[in-house]
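**Student:** Sharing a structure below in structure tokens format, with a few things to ask.
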Amino acid sequence: MCSHHKAAVSLFVVWLLLVYSGVCAAQDVELWKARAAQIPIGATVKLRTNDGHRMRAVLMGVDQSGILVKPATRLPEPSRRLPFDGLEALDRFEDRVSFPKYIATGAAIAGSLFLLLLASAR
């Protein structure tokens with residue numbers, strides 16, 4: 001291949017990558033809009049931003065440019081507006097019951113009560 005062909009192919013590949021990433025970004029924004037619209041306002045969500053920041057927050061609003069969330073933290077924080085192109089993950093948070101944890105807690109309480117009764121019987 002001559003150098004003109006190599007340059008043309010290289011330029012085409014770079015152009016294709018730039019156009020493809022722009023199309024994918026536009027599609028991602030549309031997917032995030034659709035996903036956020038399915039989550040009811042006031043629901044707790046788990047989200048991760050493009051910079052790797054993870055948080056659990058209450059969804060306060062959804063508009064064309066992004067979402068408005070209030071972080072669920074121990075210390076109160078102001079609400080944040082996050083653009084759709086800054087999101088990497090957005091899921092509704094569902095607190096699950098952990099039966100093994102409850103069984104272990106009950107066993108620990110029963111065991112300590114048993115030892116307390118044995119110690120008081122002497």
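A note on labels: chains of the structure tokens are A, B, ... as shown, every chain counts residues from 1, and ligands are counted from 1 in their shown order.
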Write out as a list in words each polymer residue whose atoms come within 10 Å of Asp85 of chain A, counting only C-alpha atoms; drop sequence neighbours fewer than 4 positions from it.
**Tutor:** Ala25, Ala26, Asp28, Val29, Glu30, Trp32, Thr49, Asn50, Ser65 and Gly66 of chain A
**Student:** Print the selection's residues with C-alpha atoms to a file, as an mmCIF file, in the first residue's frame.
**Tutor:**
data_model
loop_
_atom_site.group_PDB
_atom_site.id
_atom_site.type_symbol
_atom_site.label_atom_id
_atom_site.label_comp_id
_atom_site.auth_asym_id
_atom_site.auth_seq_id
_atom_site.Cartn_x
_atom_site.Cartn_y
_atom_site.Cartn_z
ATOM 1 C CA ALA A 25 -23.311 8.746 23.415
ATOM 2 C CA ALA A 26 -26.575 10.038 21.949
ATOM 3 C CA ASP A 28 -26.889 6.250 25.826
ATOM 4 C CA VAL A 29 -28.551 9.542 26.773
ATOM 5 C CA GLU A 30 -31.838 8.330 25.292
ATOM 6 C CA TRP A 32 -30.843 6.848 30.467
ATOM 7 C CA THR A 49 -21.182 8.424 37.714
ATOM 8 C CA ASN A 50 -18.572 8.332 34.958
ATOM 9 C CA SER A 65 -31.108 17.205 30.635
ATOM 10 C CA GLY A 66 -30.644 14.911 33.634
#
**Student:** Looking only at the backbone, which of the residues in segment 10-100 of chain A does DSSP tag as alpha helix (DSSP H), as a count of residues only?
**Tutor:** 31
**Student:** What is the atom CA of Thr44 of chain A to atom CA of Leu90 of chain A distance in Å?
**Tutor:**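 These atoms are spaced 10.5 Å apart.
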**Student:** What is the atom CA of Ser79 of chain A to atom CA of Ile67 of chain A distance in Å?
**Tutor:**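 Interatomic distance, atom CA of Ser79 of chain A to atom CA of Ile67 of chain A: 10.3 Å.
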**Student:** What lies within 10 Å of Pro40 of chain A using only C-alpha atoms, ignoring chain neighbours under 4 positions off, as number ranges by chain?
**Tutor:** A: 36, 44-45, 59-62, 92
**Student:** Can you pull out every residue within 10 Å of segment 93-106 of chain A, counting only C-alpha atoms, but drop anything in the same chain fewer than 3 positions away, and send it as a PDB file with C-alpha atoms, in the first residue's frame?
**Tutor:**
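Final output, saved to part-v8.pdb:
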ATOM      1  CA  ALA A  43     -37.809   6.047  45.010  1.00  0.00           C
ATOM      2  CA  THR A  44     -34.350   5.256  46.334  1.00  0.00           C
ATOM      3  CA  VAL A  45     -31.817   4.638  43.560  1.00  0.00           C
ATOM      4  CA  LYS A  46     -28.257   3.347  43.362  1.00  0.00           C
ATOM      5  CA  LEU A  47     -26.156   5.217  40.858  1.00  0.00           C
ATOM      6  CA  ARG A  56     -27.513   5.881  47.100  1.00  0.00           C
ATOM      7  CA  ALA A  57     -29.983   8.712  46.683  1.00  0.00           C
ATOM      8  CA  VAL A  58     -33.666   9.631  46.494  1.00  0.00           C
ATOM      9  CA  LEU A  90     -28.763   3.808  37.521  1.00  0.00           C
ATOM     10  CA  ILE A 109     -29.312 -13.982  71.573  1.00  0.00           C
ATOM     11  CA  ALA A 110     -30.497 -17.508  72.444  1.00  0.00           C
ATOM     12  CA  GLY A 111     -26.928 -18.620  73.187  1.00  0.00           C
ATOM     13  CA  SER A 112     -26.202 -15.659  75.416  1.00  0.00           C
TER      14      SER A 112
END
**Student:** Restricting the calculation to only C-alpha atoms, which member of A:Leu82, A:Asp91, A:His53, A:Glu77 is positioned closest to Ile39 of chain A?
**Tutor:**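 Checking each candidate against Ile39 of chain A, we get A:Asp91 as the closest.
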